[in-house]
$ cat input_7.txt   # compact mmCIF, C-alpha atoms
# COMPACT_ATOMS: atom_id res chain seq x y z
CA MET P 12 -1.25 22.58 3.35
CA GLY P 13 1.99 21.67 1.60
CA VAL P 14 3.11 18.24 0.50
CA TYR P 15 6.73 17.27 0.12
CA ILE P 16 8.72 14.36 -1.35
CA LYS P 17 12.19 13.35 -0.29
CA ASN P 18 14.63 12.83 -3.17
CA VAL P 19 14.85 9.06 -3.66
CA ALA P 20 18.25 9.29 -5.35
CA SER P 21 19.91 9.84 -1.97
CA THR P 22 18.33 6.96 -0.07
CA SER P 23 17.28 3.36 -0.61
CA TYR P 24 13.94 3.99 1.04
CA ALA P 25 11.78 6.93 0.02
CA GLU P 26 10.19 9.14 2.63
CA THR P 27 6.41 9.14 2.35
CA LEU P 28 4.33 12.19 1.62
CA SER P 29 2.88 14.23 4.46
CA VAL P 30 1.10 17.41 5.34
CA GLU P 31 3.78 19.75 6.65
CA GLY P 32 3.37 20.56 10.32
CA SER P 33 0.85 17.76 10.84
CA THR P 34 1.14 15.66 14.01
CA SER P 35 -1.22 13.00 12.66
CA GLY P 36 1.39 11.11 10.67
CA ASN P 37 2.88 10.75 7.21
CA LEU P 38 0.80 9.24 4.44
CA GLY P 39 2.29 7.04 1.71
CA ILE P 40 1.65 4.15 -0.71
CA ASP P 41 3.67 1.00 -0.17
CA LYS P 42 2.29 -1.01 -3.07
CA VAL P 43 -0.15 -0.69 -5.97
CA THR P 44 -1.38 -3.25 -8.50
CA ILE P 45 -3.06 -2.19 -11.75
CA VAL P 46 -4.69 -4.64 -14.17
CA ALA P 47 -5.65 -3.42 -17.65
CA GLN P 48 -8.15 -5.24 -19.85
CA VAL P 49 -7.12 -4.62 -23.46
CA SER P 50 -10.07 -4.92 -25.83
CA GLU P 51 -10.08 -7.77 -28.38
CA SER P 52 -9.84 -5.31 -31.26
CA ASP P 53 -6.62 -3.85 -29.78
CA LEU P 54 -4.94 -7.15 -28.85
CA VAL P 55 -3.51 -7.36 -32.37
CA HIS P 56 -0.96 -4.72 -31.37
CA TYR P 57 0.35 -7.03 -28.60
CA GLU P 58 0.89 -10.15 -30.71
CA ASN P 59 4.66 -9.65 -30.68
CA TYR P 60 4.91 -7.74 -27.43
CA ARG P 61 7.66 -9.93 -25.98
CA LYS P 62 9.73 -9.27 -29.11
CA THR P 63 8.90 -5.56 -28.77
CA ILE P 64 10.40 -5.51 -25.28
CA HIS P 65 13.53 -7.20 -26.65
CA PHE P 66 13.81 -4.38 -29.20
CA ALA P 67 13.27 -1.84 -26.43
CA LYS P 68 16.06 -3.38 -24.40
CA GLU P 69 18.43 -3.08 -27.35
CA ALA P 70 17.36 0.56 -27.71
CA GLY P 71 18.42 1.27 -24.12
CA PHE P 72 15.24 0.62 -22.11
CA ASP P 73 16.62 -1.74 -19.47
CA VAL P 74 14.43 -4.69 -18.49
CA THR P 75 14.95 -8.24 -17.20
CA TRP P 76 12.66 -11.24 -17.50
CA ASP P 77 11.45 -12.68 -14.19
CA GLY P 78 10.12 -16.22 -14.42
CA ARG P 79 9.53 -16.45 -10.65
CA ALA P 80 6.46 -14.22 -10.86
CA ARG P 81 4.40 -16.49 -13.11
CA ALA P 82 2.27 -17.57 -10.16
CA ASN P 83 -0.04 -14.65 -10.90
CA GLY P 84 -1.22 -16.43 -14.04
CA TYR P 85 0.75 -14.64 -16.77
CA ARG P 86 2.98 -16.14 -19.45
CA ASN P 87 5.44 -13.23 -19.40
CA SER P 88 6.84 -11.30 -16.43
CA ALA P 89 9.46 -8.57 -16.63
CA ARG P 90 11.20 -6.29 -14.14
CA ILE P 91 11.62 -2.70 -15.33
CA SER P 92 14.84 -0.97 -14.36
CA ILE P 93 14.29 2.51 -12.91
CA LYS P 94 17.21 4.81 -12.06
CA GLY P 95 17.84 4.92 -8.30
CA CYS P 96 15.53 1.97 -7.61
CA PRO P 97 17.09 -1.18 -6.03
CA ALA P 98 16.76 -4.39 -8.07
CA LYS P 99 14.37 -5.99 -5.56
CA ASP P 100 11.97 -3.03 -5.85
CA ARG P 101 11.82 -2.81 -9.63
CA PRO P 102 8.27 -2.53 -11.06
CA LEU P 103 6.82 -5.83 -12.24
CA LEU P 104 5.10 -5.85 -15.65
CA GLN P 105 3.15 -8.97 -16.67
CA PHE P 106 1.19 -9.69 -19.85
CA ASP P 107 -0.60 -12.41 -21.82
CA PRO P 108 -2.55 -14.28 -19.10
CA TYR P 109 -3.38 -17.97 -19.28
CA ASN P 110 -6.97 -17.07 -18.47
CA LYS P 111 -8.25 -14.86 -21.29
CA LYS P 112 -10.84 -13.28 -18.94
CA GLN P 113 -8.02 -11.89 -16.84
CA GLY P 114 -6.66 -8.43 -17.68
CA PHE P 115 -4.03 -8.63 -20.43
CA LEU P 116 -1.59 -6.28 -18.66
CA ARG P 117 -0.67 -6.29 -14.97
CA LEU P 118 1.64 -3.72 -13.35
CA GLU P 119 2.82 -3.82 -9.74
CA PHE P 120 5.21 -1.41 -8.02
CA ASN P 121 6.02 0.45 -4.79
CA PRO P 122 5.30 4.21 -5.14
CA ASN P 123 7.15 4.97 -1.88
CA ARG P 124 10.33 3.50 -3.31
CA LEU P 125 10.02 5.03 -6.77
CA GLY P 126 8.95 8.53 -5.77
CA SER P 127 7.49 10.99 -8.28
CA GLN P 128 10.55 10.92 -10.58
CA GLY P 129 10.67 7.13 -10.61
CA ILE P 130 6.98 6.92 -11.49
CA TRP P 131 7.52 9.46 -14.29
CA ASP P 132 10.35 7.25 -15.60
CA LEU P 133 8.03 4.24 -15.40
CA LYS P 134 5.35 6.05 -17.41
CA THR P 135 8.00 7.08 -19.94
CA TRP P 136 9.08 3.44 -20.22
CA MET P 137 5.48 2.39 -20.85
CA ASP P 138 4.92 5.14 -23.44
CA PHE P 139 7.92 4.09 -25.50
CA THR P 140 7.73 0.31 -25.19
CA SER P 141 4.01 -0.49 -25.11
CA PRO P 142 1.63 -0.18 -28.09
CA HIS P 143 -0.72 2.03 -26.08
CA GLY P 144 1.76 3.32 -23.53
CA TRP P 145 0.78 4.54 -20.07
CA PRO P 146 -2.75 5.41 -21.33
CA ALA P 147 -3.48 1.65 -21.35
CA MET P 148 -3.09 1.68 -17.56
CA ARG P 149 -4.74 5.05 -17.08
CA GLU P 150 -7.78 4.42 -19.30
CA TRP P 151 -8.29 0.64 -19.09
CA GLY P 152 -6.62 -0.20 -15.79
CA ARG P 153 -8.31 -1.11 -12.52
CA VAL P 154 -6.50 -0.73 -9.19
CA THR P 155 -7.00 -4.22 -7.78
CA ARG P 156 -4.84 -3.65 -4.71
CA ILE P 157 -3.26 -0.72 -2.92
CA ASP P 158 -1.33 -0.79 0.36
CA VAL P 159 -1.64 2.62 2.03
CA ASN P 160 0.60 3.42 5.00
CA LEU P 161 0.65 5.94 7.83
CA ASP P 162 3.87 6.62 9.75
CA PHE P 163 3.56 7.94 13.29
CA PRO P 164 6.48 9.24 15.40
CA ILE P 165 5.44 7.17 18.42
CA PRO P 166 6.49 3.77 19.92
CA ILE P 167 4.26 0.87 18.91
CA GLN P 168 3.96 -0.22 22.57
CA GLN P 169 2.35 3.07 23.58
CA TYR P 170 -1.07 2.16 22.18
CA ILE P 171 -3.64 -0.61 22.02
CA TRP P 172 -4.37 -1.06 18.32
CA ASP P 173 -7.87 -2.07 17.39
CA SER P 174 -10.45 -2.04 14.61
CA ARG P 175 -14.22 -1.79 14.52
CA TYR P 176 -14.25 -4.90 12.34
CA SER P 177 -13.92 -8.45 13.60
CA VAL P 178 -10.18 -9.11 13.66
CA THR P 179 -7.61 -11.86 13.97
CA ARG P 180 -4.46 -10.81 15.83
CA GLU P 181 -0.85 -11.94 15.72
CA ARG P 182 2.02 -10.35 17.61
CA PHE P 183 5.73 -10.95 17.17
CA LEU P 184 8.39 -10.16 19.76
CA ALA P 185 12.18 -10.03 19.41
CA ASN P 186 14.26 -9.94 22.60
CA GLY P 187 11.14 -8.98 24.50
CA ARG P 188 10.45 -6.06 22.15
CA GLN P 189 7.11 -5.81 20.44
CA GLU P 190 7.61 -5.47 16.70
CA SER P 191 4.38 -6.09 14.82
CA ILE P 192 0.65 -6.65 15.12
CA TYR P 193 -1.69 -7.97 12.44
CA LEU P 194 -5.40 -7.17 12.32
CA GLY P 195 -7.28 -9.52 10.04
CA LYS P 196 -5.78 -11.98 7.58
CA LYS P 197 -4.07 -11.47 4.23
CA GLU P 198 -6.45 -13.81 2.45
CA TRP P 199 -9.41 -11.68 3.54
CA GLY P 200 -8.02 -8.84 1.46
CA LYS P 201 -10.17 -5.88 2.48
CA GLY P 202 -9.34 -4.44 5.89
CA TYR P 203 -6.11 -6.38 6.47
CA THR P 204 -3.84 -4.16 8.57
CA LYS P 205 -0.21 -4.54 9.57
CA ILE P 206 1.20 -2.36 12.36
CA TYR P 207 4.91 -2.60 13.02
CA ASP P 208 7.97 -0.91 14.46
CA TRP P 209 9.53 0.53 11.30
CA ASN P 210 12.91 1.07 12.94
CA ALA P 211 13.16 -2.56 14.06
CA CYS P 212 12.85 -3.61 10.41
CA HIS P 213 14.82 -0.85 8.67
CA ASP P 214 16.88 1.27 11.06
CA GLN P 215 17.66 -0.28 14.45
CA PHE P 216 19.95 2.61 15.43
CA ALA P 217 17.34 5.32 14.87
CA LEU P 218 16.93 7.69 17.81
CA ALA P 219 13.31 8.71 17.10
CA PRO P 220 10.51 6.09 17.22
CA LYS P 221 8.49 5.31 14.11
CA THR P 222 5.41 3.11 13.89
CA ARG P 223 3.95 2.21 10.51
CA VAL P 224 0.25 1.38 10.07
CA GLU P 225 -0.21 -0.28 6.69
CA ARG P 226 -3.58 -1.25 5.29
CA LYS P 227 -4.25 -3.51 2.34
CA HIS P 228 -7.17 -2.11 0.37
CA ILE P 229 -9.10 -3.27 -2.73
CA PRO P 230 -10.61 -0.11 -4.25
CA ASP P 231 -11.44 -1.68 -7.65
CA CYS P 232 -11.40 1.73 -9.31
CA GLY P 233 -9.50 3.32 -12.18
CA LEU P 234 -6.39 5.45 -11.73
CA LYS P 235 -8.28 8.65 -12.53
CA ALA P 236 -10.70 7.93 -9.66
CA LEU P 237 -7.90 7.11 -7.20
CA PRO P 238 -7.80 10.62 -5.61
CA GLN P 239 -11.43 10.10 -4.51
CA MET P 240 -10.77 6.71 -2.89
CA SER P 241 -12.48 6.23 0.47
CA ASN P 242 -10.36 6.25 3.61
CA PRO P 243 -9.10 2.69 4.28
CA PHE P 244 -8.16 3.68 7.86
CA GLN P 245 -11.72 4.67 8.74
CA GLY P 246 -12.23 1.59 10.92
CA MET P 247 -8.96 1.94 12.83
CA ARG P 248 -8.98 2.53 16.58
CA ALA P 249 -6.10 3.18 18.96
CA TYR P 250 -6.41 3.41 22.73
CA ARG P 251 -3.74 4.55 25.15
CA MET P 252 -1.99 1.64 26.82
CA PHE P 253 -1.68 3.50 30.14
CA ILE P 254 -5.32 3.87 31.22
CA PRO P 255 -5.98 4.40 34.95
CA PRO P 256 -7.74 1.43 36.62
CA PHE P 257 -11.51 1.29 36.29
CA LYS P 258 -13.41 1.81 39.55
CA GLY P 259 -13.24 -1.30 41.74
CA TYR P 260 -10.18 -2.88 40.04
CA THR P 261 -6.65 -2.98 41.37
CA PHE P 262 -3.77 -1.65 39.30
CA GLY P 263 -2.39 -5.17 38.68
CA MET P 264 -5.75 -6.65 37.65
CA TRP P 265 -6.43 -3.72 35.32
CA GLN P 266 -3.01 -3.96 33.66
CA LEU P 267 -3.61 -7.66 32.97
CA TYR P 268 -6.89 -6.72 31.32
CA LEU P 269 -5.25 -4.04 29.14
CA GLU P 270 -2.66 -6.59 28.01
CA HIS P 271 -5.49 -9.00 27.18
CA LEU P 272 -7.35 -6.23 25.33
CA SER P 273 -4.29 -5.50 23.19
CA LYS P 274 -4.30 -9.14 22.06
CA VAL P 275 -8.01 -9.74 21.39
CA GLY P 276 -9.46 -6.25 20.88
CA LEU P 277 -12.03 -4.28 22.85
CA ARG P 278 -15.04 -6.16 21.52
CA ASN P 279 -13.79 -9.60 22.57
CA GLY P 280 -11.99 -8.29 25.66
CA LEU P 281 -15.29 -7.21 27.25
CA PHE P 282 -16.36 -10.85 27.64
CA SER P 283 -13.86 -11.08 30.53
CA PHE P 284 -16.22 -8.96 32.66
CA ASP P 285 -19.63 -9.46 34.15
CA ILE P 286 -22.36 -8.49 31.71
CA SER P 287 -23.52 -5.70 34.04
CA GLU P 288 -20.09 -3.98 33.74
CA ARG P 289 -19.40 -4.34 30.05
CA SER P 290 -21.13 -1.21 28.78
CA ALA P 291 -19.50 1.06 31.38
CA ILE P 292 -16.02 -0.42 30.82
CA ARG P 293 -16.45 -0.14 27.07
CA GLN P 294 -17.27 3.56 27.35
CA TYR P 295 -14.42 4.10 29.81
CA VAL P 296 -11.82 2.56 27.48
CA LYS P 297 -13.23 4.45 24.49
CA SER P 298 -12.89 7.71 26.44
CA HIS P 299 -9.13 7.11 26.31
CA GLN P 300 -9.03 6.79 22.55
CA ALA P 301 -5.83 8.27 21.09
CA THR P 302 -7.35 11.25 19.29
CA GLU P 303 -3.86 12.55 18.48
CA LEU P 304 -3.63 9.72 15.93
CA ASP P 305 -6.00 11.40 13.50
CA PHE P 306 -6.88 8.69 10.98
CA LYS P 307 -9.61 10.86 9.49
CA GLY P 308 -7.80 14.20 9.33
CA VAL P 309 -4.67 12.87 7.68
CA TRP P 310 -6.76 11.51 4.80
CA GLU P 311 -7.47 15.07 3.65
CA SER P 312 -4.01 15.05 2.08
CA TRP P 313 -4.70 11.87 0.04
CA PRO P 314 -5.56 13.67 -3.25
CA ASP P 315 -2.29 15.61 -2.93
CA VAL P 316 -0.35 12.37 -2.38
CA VAL P 317 -1.79 10.81 -5.56
CA ASP P 318 -1.23 14.03 -7.51
CA GLU P 319 2.37 14.54 -6.38
CA LEU P 320 3.28 10.95 -7.21
CA GLY P 321 1.61 11.34 -10.62
CA LEU P 322 -0.38 8.10 -10.38
CA SER P 323 -3.55 9.47 -11.98
CA SER P 324 -1.98 11.90 -14.47
CA PRO P 325 -0.91 11.19 -18.09
CA GLY P 326 2.61 10.20 -19.09
CA PRO P 327 5.01 12.23 -21.27
CA HIS P 328 3.07 11.47 -24.45
CA GLY P 329 -0.37 12.47 -23.23
CA PRO P 330 -3.65 10.76 -22.34
CA LYS P 331 -4.92 9.54 -25.72
CA ILE P 332 -5.64 5.97 -26.79
CA PRO P 333 -4.59 4.40 -29.02
CA PHE P 334 -1.01 5.51 -28.53
CA ILE P 335 0.82 4.32 -31.61
CA ASP P 336 2.75 7.46 -32.29
CA ALA P 337 4.16 7.90 -35.80
CA SER P 338 7.23 9.53 -34.26
CA VAL P 339 8.24 6.23 -32.60
CA PRO P 340 10.34 4.02 -34.92
CA LYS P 341 8.34 1.06 -36.16
CA ASP P 342 11.17 -1.36 -35.38
CA LEU P 343 10.80 -0.33 -31.72
CA LEU P 344 7.14 -1.26 -31.88
CA GLY P 345 7.91 -4.58 -33.54
CA GLN P 346 6.03 -3.53 -36.68
CA ALA P 347 8.94 -3.26 -39.11

$ encode --input "input_7.txt" --output "structure tokens"
Amino acid sequence: MGVYIKNVASTSYAETLSVEGSTSGNLGIDKVTIVAQVSESDLVHYENYRKTIHFAKEAGFDVTWDGRARANGYRNSARISIKGCPAKDRPLLQFDPYNKKQGFLRLEFNPNRLGSQGIWDLKTWMDFTSPHGWPAMREWGRVTRIDVNLDFPIPIQQYIWDSRYSVTRERFLANGRQESIYLGKKEWGKGYTKIYDWNACHDQFALAPKTRVERKHIPDCGLKALPQMSNPFQGMRAYRMFIPPFKGYTFGMWQLYLEHLSKVGLRNGLFSFDISERSAIRQYVKSHQATELDFKGVWESWPDVVDELGLSSPGPHGPKIPFIDASVPKDLLGQA
């Protein structure tokens, strides 16, 4: 199985990674947040970290301060400039939290947008401008949030999207066109899923359909353990919208039920029927599950996705901590 990455330099939106020849969809990472807890004995190296970043900027490492991001509880927030990455998608680096129990460093970025080269540039930036470099994230960091996405070449209206978990649903329409469905709530964190018509948001003139299934996941693991992360799509279910009427129901009545099912889910939709029919109808609908949307099979390529993006691998200066390399000028480290 091969994995490929589209060159992000030629487009404002990076193509996700996929298994070549697979019909089960393309797998990507839309967002990742890493929080690193620097030990008390090593915090001395970060006493003048803001000044260090100023020195780095003068040395050619482009960065801008972003005061709007302080809501996360950090005194300092900076946007790191990466070649080929639009300003709105620049990685966000935060440090020195108001709450000392919170991780000292917080890094948030969109791997889809950066691509493997952009992530390498980000690790290079960290190695040259941070006292411990990228190893601080790799050795001390915890992935507190990751948004994993699957892109399917099918219309969103073709399926009834469901989950084995209890869900809250919202649907948005534009000019009568279904655009997005939400399973769960953002504040719940784990299991929150957004399903939307990617073309309606990004490319309204596209000829081929594209539906994105994006799941917010809280793995609470380190970067090195990320390739072994459990499948966040394991609870996803999709049923075909065009299911023949169940025995004893007219076409019109059955279509009204399927529309109701798409809004409330199979579990809650069964309460519309007599208790004696619920088990049979449940099995009948489940027999029309969209097996071509292989949420389990596509996950086999996940370790390759993480590896190709370079999320769990060392940066240009290696994996060791502490990284205070004698070859880096002391004025760049703020230690002159």

$ closest_atom_pairs --input "input_7.txt" --of "segment 133-188 of chain P" --to "segment 240-254 of chain P" --cutoff "6 Å" --atoms "all atoms listed in the file" --output "CSV"
residue,atom,partner,partner_atom,distance
P:Gln169,CA,P:Met252,CA,5.6
P:Tyr170,CA,P:Arg251,CA,4.7
P:Ile171,CA,P:Tyr250,CA,4.9
P:Trp172,CA,P:Ala249,CA,4.6
P:Asp173,CA,P:Arg248,CA,4.8
P:Ser174,CA,P:Met247,CA,4.6
P:Arg175,CA,P:Gly246,CA,5.3

$ residues_around --input "input_7.txt" --residues "Phe183 of chain P" --least-positions-apart "2" --cutoff "12 Å" --atoms "all atoms listed in the file" --output "list in words"
Arg180, Glu181, Ala185, Asn186, Gly187, Arg188, Gln189, Glu190, Ser191, Ile192, Tyr193, Lys205, Ile206, Tyr207, Asp208, Ala211 and Lys274 of chain P

$ atom_distance --input "input_7.txt" --atom1 "atom CA of Ser298 of chain P" --atom2 "atom CA of Gly195 of chain P"
24.4 Å

$ atom_distance --input "input_7.txt" --atom1 "atom CA of Arg149 of chain P" --atom2 "atom CA of Gly129 of chain P"
16.8 Å

$ atom_distance --input "input_7.txt" --atom1 "atom CA of Leu269 of chain P" --atom2 "atom CA of Lys227 of chain P"
26.8 Å

$ residues_around --input "input_7.txt" --residues "Ile93 of chain P" --least-positions-apart "3" --cutoff "7 Å" --atoms "all atoms listed in the file" --output "CSV table (one decimal) with C-alpha atoms, keeping the file's coordinate frame"
chain,number,residue,atom,x,y,z
P,96,CYS,CA,15.5,2.0,-7.6
P,101,ARG,CA,11.8,-2.8,-9.6
P,129,GLY,CA,10.7,7.1,-10.6
P,132,ASP,CA,10.4,7.2,-15.6
P,133,LEU,CA,8.0,4.2,-15.4

$ residues_around --input "input_7.txt" --residues "Lys134 of chain P" --least-positions-apart "3" --cutoff "7 Å" --atoms "all atoms listed in the file" --output "compact mmCIF listing (two decimals) with C-alpha atoms, in the frame of the given file"
# COMPACT_ATOMS: atom_id res chain seq x y z
CA ILE P 130 6.98 6.92 -11.49
CA TRP P 131 7.52 9.46 -14.29
CA MET P 137 5.48 2.39 -20.85
CA ASP P 138 4.92 5.14 -23.44
CA TRP P 145 0.78 4.54 -20.07
CA GLY P 326 2.61 10.20 -19.09

$ closest_residue --input "input_7.txt" --among "P:Asn87, P:Asn121, P:Ser273, P:Gln128" --to "Thr179 of chain P" --atoms "only C-alpha atoms"
P:Ser273

$ closest_atom_pairs --input "input_7.txt" --of "segment 147-253 of chain P" --to "segment 50-74 of chain P" --cutoff "12 Å" --atoms "all atoms listed in the file" --output "JSON lines"
{"residue": "P:Ala147", "atom": "CA", "partner": "P:Ser50", "partner_atom": "CA", "distance": 10.3}
{"residue": "P:Glu150", "atom": "CA", "partner": "P:Ser50", "partner_atom": "CA", "distance": 11.6}
{"residue": "P:Trp151", "atom": "CA", "partner": "P:Ser50", "partner_atom": "CA", "distance": 8.9}
{"residue": "P:Gly152", "atom": "CA", "partner": "P:Ser50", "partner_atom": "CA", "distance": 11.6}
